[in-house]
Each structure stands twice: as structure tokens, then as C-alpha cells.
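**Q** structure_24.txt is reproduced in full below (compact mmCIF, C-alpha atoms).
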# COMPACT_ATOMS: atom_id res chain seq x y z
CA MET A 1 21.99 7.57 8.23
CA ILE A 2 21.71 5.65 4.95
CA THR A 3 22.01 8.11 2.03
CA ARG A 4 22.65 5.72 -0.88
CA MET A 5 22.39 1.99 -1.45
CA SER A 6 22.84 -0.46 -4.34
CA ALA A 7 20.97 -3.75 -4.17
CA THR A 8 18.93 -6.20 -6.22
CA LEU A 9 15.36 -5.03 -6.81
CA GLU A 10 13.21 -7.98 -5.74
CA SER A 11 9.73 -6.48 -6.06
CA ILE A 12 7.61 -3.33 -6.14
CA SER A 13 4.25 -3.34 -4.39
CA ARG A 14 1.79 -0.92 -5.99
CA GLU A 15 -0.14 0.19 -2.92
CA SER A 16 -1.20 3.78 -2.26
CA ILE A 17 2.51 4.40 -1.75
CA PRO A 18 4.76 2.08 -3.81
CA ILE A 19 7.28 0.06 -1.82
CA ALA A 20 10.46 -1.34 -3.34
CA THR A 21 11.96 -4.45 -1.72
CA LEU A 22 15.73 -4.67 -2.08
CA LEU A 23 18.13 -7.55 -1.46
CA PRO A 24 21.70 -6.55 -0.56
CA SER A 25 24.19 -8.77 -2.40
CA SER A 26 26.87 -9.09 0.28
CA SER A 27 27.15 -12.49 1.91
CA MET A 28 27.49 -10.69 5.24
CA VAL A 29 23.80 -9.75 5.05
CA ASP A 30 22.49 -12.91 3.38
CA GLY A 31 18.72 -13.18 3.84
CA LEU A 32 18.24 -9.49 4.60
CA ALA A 33 15.53 -7.60 2.74
CA ILE A 34 15.10 -3.83 2.88
CA GLU A 35 11.90 -1.95 2.08
CA ALA A 36 11.92 1.61 0.77
CA MET A 37 8.94 3.80 -0.02
CA ILE A 38 9.29 5.39 -3.45
CA PRO A 39 7.31 8.01 -5.42
CA VAL A 40 4.87 6.77 -8.05
CA TYR A 41 6.87 8.03 -11.05
CA LEU A 42 9.93 6.07 -9.87
CA ALA A 43 7.94 2.85 -9.43
CA GLU A 44 6.95 3.03 -13.10
CA THR A 45 10.59 3.56 -14.12
CA LEU A 46 11.91 0.71 -11.95
CA GLU A 47 9.36 -1.99 -12.81
CA PRO A 48 11.29 -3.13 -15.92
CA LYS A 49 14.42 -3.51 -13.75
CA LEU A 50 13.12 -6.23 -11.40
CA GLY A 51 15.88 -8.73 -10.66
CA THR A 52 18.68 -6.29 -11.49
CA THR A 53 20.93 -4.18 -9.29
CA ILE A 54 19.71 -0.62 -8.82
CA THR A 55 20.91 2.35 -6.79
CA LEU A 56 18.58 4.41 -4.64
CA HIS A 57 19.46 7.74 -3.05
CA THR A 58 17.68 7.66 0.27
CA ARG A 59 16.47 9.61 3.27
CA THR A 60 15.05 8.32 6.53
CA LEU A 61 11.60 9.24 7.85
CA LEU A 62 10.66 8.73 11.49
CA GLU A 63 7.01 7.73 11.26
CA ALA A 64 4.96 8.51 14.36
CA GLN A 65 2.98 5.67 15.94
CA GLY A 66 0.47 5.70 18.78
CA GLN A 67 -0.27 9.44 18.63
CA GLY A 68 3.42 10.26 18.66
CA THR A 69 4.38 8.04 21.58
CA SER A 70 6.81 6.03 19.43
CA PHE A 71 8.50 6.30 16.05
CA ILE A 72 9.37 3.77 13.35
CA PRO A 73 12.18 4.54 10.88
CA ARG A 74 11.08 4.27 7.23
CA LEU A 75 13.43 4.48 4.27
CA ILE A 76 12.45 6.60 1.24
CA GLY A 77 14.23 6.03 -2.07
CA PHE A 78 14.87 8.20 -5.14
CA GLY A 79 16.56 7.68 -8.48
CA SER A 80 19.19 10.39 -7.95
CA ALA A 81 20.44 12.92 -5.42
CA ASP A 82 18.69 15.66 -7.43
CA GLU A 83 15.36 13.82 -7.21
CA ARG A 84 15.82 13.54 -3.45
CA ALA A 85 16.63 17.26 -3.23
CA PHE A 86 13.50 18.11 -5.25
CA PHE A 87 11.39 15.98 -2.90
CA GLU A 88 12.82 17.76 0.14
CA THR A 89 12.00 21.11 -1.46
CA PHE A 90 8.52 19.96 -2.52
CA THR A 91 7.65 18.75 0.99
CA SER A 92 8.71 22.08 2.49
CA VAL A 93 5.38 23.46 1.24
CA LYS A 94 2.77 23.86 3.96
CA GLY A 95 0.26 21.01 3.78
CA VAL A 96 2.41 18.74 1.60
CA GLY A 97 3.66 15.97 3.87
CA THR A 98 5.96 13.08 3.00
CA LYS A 99 3.30 10.47 2.22
CA LYS A 100 1.08 12.94 0.38
CA ALA A 101 4.04 13.91 -1.80
CA LEU A 102 4.95 10.28 -2.56
CA ARG A 103 1.41 9.67 -3.80
CA ALA A 104 1.22 12.97 -5.68
CA LEU A 105 4.46 12.60 -7.63
CA THR A 106 3.14 10.64 -10.59
CA GLU A 107 5.26 12.78 -12.94
CA SER A 108 9.03 13.35 -12.94
CA PRO A 109 10.50 16.18 -10.85
CA SER A 110 11.55 18.02 -14.03
CA THR A 111 7.97 18.00 -15.32
CA ILE A 112 6.50 19.18 -12.03
CA ALA A 113 9.19 21.83 -11.59
CA SER A 114 8.39 23.14 -15.07
CA LEU A 115 4.68 23.37 -14.25
CA ILE A 116 5.52 25.36 -11.14
CA ILE A 117 7.76 27.70 -13.13
CA ALA A 118 4.94 28.15 -15.65
CA LYS A 119 2.53 28.84 -12.76
CA ASP A 120 0.26 26.17 -14.23
CA ALA A 121 -2.00 25.47 -11.25
CA LYS A 122 -4.57 23.71 -13.45
CA SER A 123 -2.09 21.02 -14.50
CA LEU A 124 -0.77 20.65 -10.95
CA THR A 125 -4.28 19.81 -9.75
CA LYS A 126 -4.19 16.72 -11.99
CA LEU A 127 -1.63 15.24 -9.61
CA PRO A 128 -3.27 12.97 -7.00
CA GLU A 129 -4.22 14.77 -3.77
CA ILE A 130 -3.25 18.21 -5.11
CA GLY A 131 -6.31 20.46 -5.06
CA LYS A 132 -6.58 24.00 -6.35
CA ARG A 133 -5.60 25.65 -3.06
CA THR A 134 -2.60 23.33 -2.58
CA ALA A 135 -1.48 23.91 -6.18
CA GLU A 136 -1.61 27.68 -5.66
CA THR A 137 0.35 27.33 -2.41
CA ILE A 138 2.99 25.19 -4.13
CA ILE A 139 3.45 27.83 -6.83
CA ALA A 140 3.57 30.68 -4.31
CA GLU A 141 6.11 28.99 -2.03
CA LEU A 142 8.37 27.33 -4.60
CA THR A 143 8.61 29.94 -7.36
CA GLY A 144 12.28 30.86 -7.59
CA LYS A 145 13.37 27.76 -5.66
CA ILE A 146 13.04 24.90 -8.14
CA GLU A 147 14.46 26.18 -11.44
CA GLN A 148 17.50 23.88 -11.17
CA PHE A 149 15.21 20.83 -11.24
CA ALA A 150 13.41 21.71 -14.48
CA GLY A 151 16.33 20.92 -16.77
CA ASP A 152 15.38 21.23 -20.43
CA ALA A 153 11.76 20.19 -19.95
CA ILE A 154 9.51 21.82 -22.53
CA ILE A 155 6.29 23.12 -21.02
CA GLN A 156 3.84 25.14 -23.10
CA SER A 157 1.09 27.28 -21.66
CA THR A 158 -1.49 24.70 -22.76
CA THR A 159 0.31 21.70 -21.27
CA THR A 160 -1.76 19.30 -19.18
CA ILE A 161 -0.43 16.28 -17.34
CA GLY A 162 -0.93 13.05 -19.21
CA SER A 163 -1.66 14.66 -22.59
CA THR A 164 0.89 16.87 -24.33
CA ILE A 165 3.66 15.95 -21.91
CA GLU A 166 4.05 12.62 -23.68
CA PRO A 167 4.38 13.19 -27.44
CA ALA A 168 2.91 10.49 -29.68
CA PHE A 169 5.99 9.34 -31.60
CA THR A 170 4.72 6.34 -33.56
CA THR A 171 6.91 6.17 -36.67
CA GLY A 172 10.22 7.40 -38.04
CA PRO A 173 13.54 8.25 -36.32
CA ALA A 174 11.85 9.80 -33.27
CA ALA A 175 9.92 6.59 -32.57
CA GLU A 176 13.11 4.56 -33.03
CA ALA A 177 14.94 6.85 -30.61
CA VAL A 178 12.16 6.39 -28.03
CA ALA A 179 12.46 2.60 -28.42
CA ALA A 180 16.25 2.81 -28.01
CA LEU A 181 15.92 4.75 -24.76
CA MET A 182 13.29 2.33 -23.46
CA SER A 183 15.70 -0.57 -24.14
CA LEU A 184 18.11 1.22 -21.77
CA GLY A 185 15.50 1.29 -19.00
CA GLU A 186 13.63 4.56 -19.56
CA SER A 187 9.84 4.56 -19.22
CA ARG A 188 7.93 5.47 -22.39
CA PRO A 189 6.76 8.91 -21.10
CA GLU A 190 10.30 9.85 -20.00
CA ALA A 191 11.87 8.55 -23.23
CA ALA A 192 9.35 10.52 -25.31
CA ARG A 193 9.96 13.65 -23.25
CA LYS A 194 13.72 13.40 -23.76
CA VAL A 195 13.32 12.83 -27.50
CA GLN A 196 11.04 15.86 -27.75
CA ILE A 197 13.68 17.97 -26.02
CA ALA A 198 16.42 16.59 -28.29
CA LEU A 199 14.39 17.40 -31.41
CA SER A 200 14.19 21.03 -30.31
CA HIS A 201 18.00 21.12 -30.67
CA THR A 202 18.54 18.84 -33.66
CA GLY A 203 15.53 19.75 -35.80
CA GLN A 204 12.62 17.53 -36.77
CA ASP A 205 14.49 15.89 -39.68
CA ALA A 206 17.30 14.41 -37.57
CA ASP A 207 18.06 10.69 -37.87
CA THR A 208 17.83 8.23 -34.99
CA ASP A 209 21.54 8.29 -34.05
CA THR A 210 21.60 12.10 -33.99
CA ILE A 211 18.53 12.24 -31.75
CA VAL A 212 19.91 9.68 -29.28
CA GLN A 213 23.27 11.46 -29.19
CA ALA A 214 21.49 14.74 -28.47
CA VAL A 215 19.58 13.10 -25.60
CA PHE A 216 22.80 11.99 -23.92
CA ALA A 217 24.57 15.25 -24.67
CA GLY A 218 21.82 17.07 -22.82
CA GLY A 219 22.11 14.80 -19.74
Using the file provided, produce a representation of the structure as C-alpha cells.
**A**
Amino acid sequence: MITRMSATLESISRESIPIATLLPSSSMVDGLAIEAMIPVYLAETLEPKLGTTITLHTRTLLEAQGQGTSFIPRLIGFGSADERAFFETFTSVKGVGTKKALRALTESPSTIASLIIAKDAKSLTKLPEIGKRTAETIIAELTGKIEQFAGDAIIQSTTTIGSTIEPAFTTGPAAEAVAALMSLGESRPEAARKVQIALSHTGQDADTDTIVQAVFAGG
């Protein structure tokens, strides 16, 4: 079983489920291309890294064909082992299959885990394919099981996906810190989220270097 692979990211197709095409660099596999299904949030993070070497932590799905008479192996990729573990926990919920989860995960695992901890069913329903009943089931089945994935994510009782999750840092040290993280490959929403977390530790008057150092100190 393939559990991790590093290869050149050739392309990302933005279909209902994003697919990353990877080119192994070894001359022993020259001409080989590997496709891996990835969650939506990861596609957005990886798009700036086209043409560079990335590492995916993977799991293999046996996809049924012909009403279950045959199976095709499909590779699923994640940015870290923790992201893969969150996905495995998330898909343990009744009614949340692999493909449904890949389409639904438009936000990072830490954000979604924090919404579950906050029992915020309303915000969970803003994820694609997650209706009210499914959101309530996710909260009921995963409460107490996903705290390790939330990290330092800040979720307020009024948080809604796509609004307060991404702070609007437009000027000053916070905006410069967001830009610095984006230059290192972070997406804007993730960079802003990390800066917001850092500011909760450093104070709102911190300079750019202090904010960036706090981001890395917090992992």
C-alpha cells in the first residue's frame, strides 16, 4: 500500500472531485504519471505549487464498478498524516462516504473540527452536500473524537464558513504577515487564519516579524 509519495505536481483538474496528477522524478519510472483524488481545500493550497515537488500522504480506495462485480484502485492524497487521519475519522460518520467527503471538505480539517466541537450545525451545512440532518449526525458521532485536529483554530459562536473564518487583514503588520505566509505557499484563507491565531498570543500591536515567529512557534 502506498502511504506517502513525493513527486512533481503536473496539474490539478477542478472537477467535482479535484484530481492531482503527479510525475515521479526517478528515471526508473520515466513517463509514469499518477493521479490522486484530493479534497477541495487541498486543491486550493496546491495550485500555486504546480511544477514543484510536493509530498502527499495517501490512502487507497477500491472503487466498485459494475454493481460491485469489479474494483478499481484509486489513490487519495492529503497534505499531512494528520489530515489523512481526520478524513478517515470524518468518513466514519454514517452517510458520509469517501467521494462525498472529498467534495464537502472545502475548509481545512482544523476549521471543520472546530465547528464540530462548537456544535455549529448551521456552519457545517454551508459545506457542499452537508445538509442539516447530516451536520447533526456528524456532531453527534464525532464529538469527543476530533479535538486533536482542531489545533489553535479560533471559532466563535457566530462563526460562519466563508465569512469570519477569513479575517480581512488589508494593511499593517498583520497584512504583511499574511503576505509572507502566502509567499511560502499558504493559501490566503489559511494564512489569515494562522495570523489571527498568532495575534491572540502576541497582541494586536505586534510587528510583522513577531507575528510570523508566533505562527511558526504554534506549528
**Q** For atom CA of A:Ile76 and atom CA of A:Thr60, determine how far apart the two atoms are, in Å to one decimal place.
**A**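 Straight-line distance from atom CA of A:Ile76 to atom CA of A:Thr60 works out to 6.1 Å.
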**Q** Anything within 10 Å of (13.1, -6.7, -14.2): list those residues as a PyMOL selection string, counting only C-alpha atoms and sticking to the file's coordinates.
**A** chain A and resi 8-11+46-53+185
**Q** Tell me, in Å to one decimal, how far atom CA of A:Leu181 is from atom CA of A:Pro39.
**A**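 Atom-to-atom, atom CA of A:Leu181 and atom CA of A:Pro39 are spaced 21.4 Å apart.
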**Q** Could you work out how far atom CA of A:Phe216 lies from atom CA of A:Gly203, giving the answer in Å with one decimal?
**A**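 Between these atoms lies a distance of 15.9 Å.
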**Q** With the cut-off set at 10 Å and counting all atoms listed in the file, tabulate each residue of stretch 49-89 of chain A with an atom at most that distance from an atom of stretch 132-148 of chain A, showing the nearest atom pair and its distance in Å to one decimal, ordered by chain and increasing number, as CSV.
**A**
residue,atom,partner,partner_atom,distance
A:Asp82,CA,A:Gln148,CA,9.1
A:Ala85,CA,A:Ile146,CA,9.8
A:Phe86,CA,A:Ile146,CA,7.4
A:Thr89,CA,A:Ile146,CA,7.8
**Q** For A:Gly95, which residue out of A:Ile54, A:Leu184, A:Ile130, A:Ala81 is the nearest one, using all atoms listed in the file?
**A**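 Once distances to A:Gly95 are computed over all atoms listed in the file, the minimum belongs to A:Ile130.
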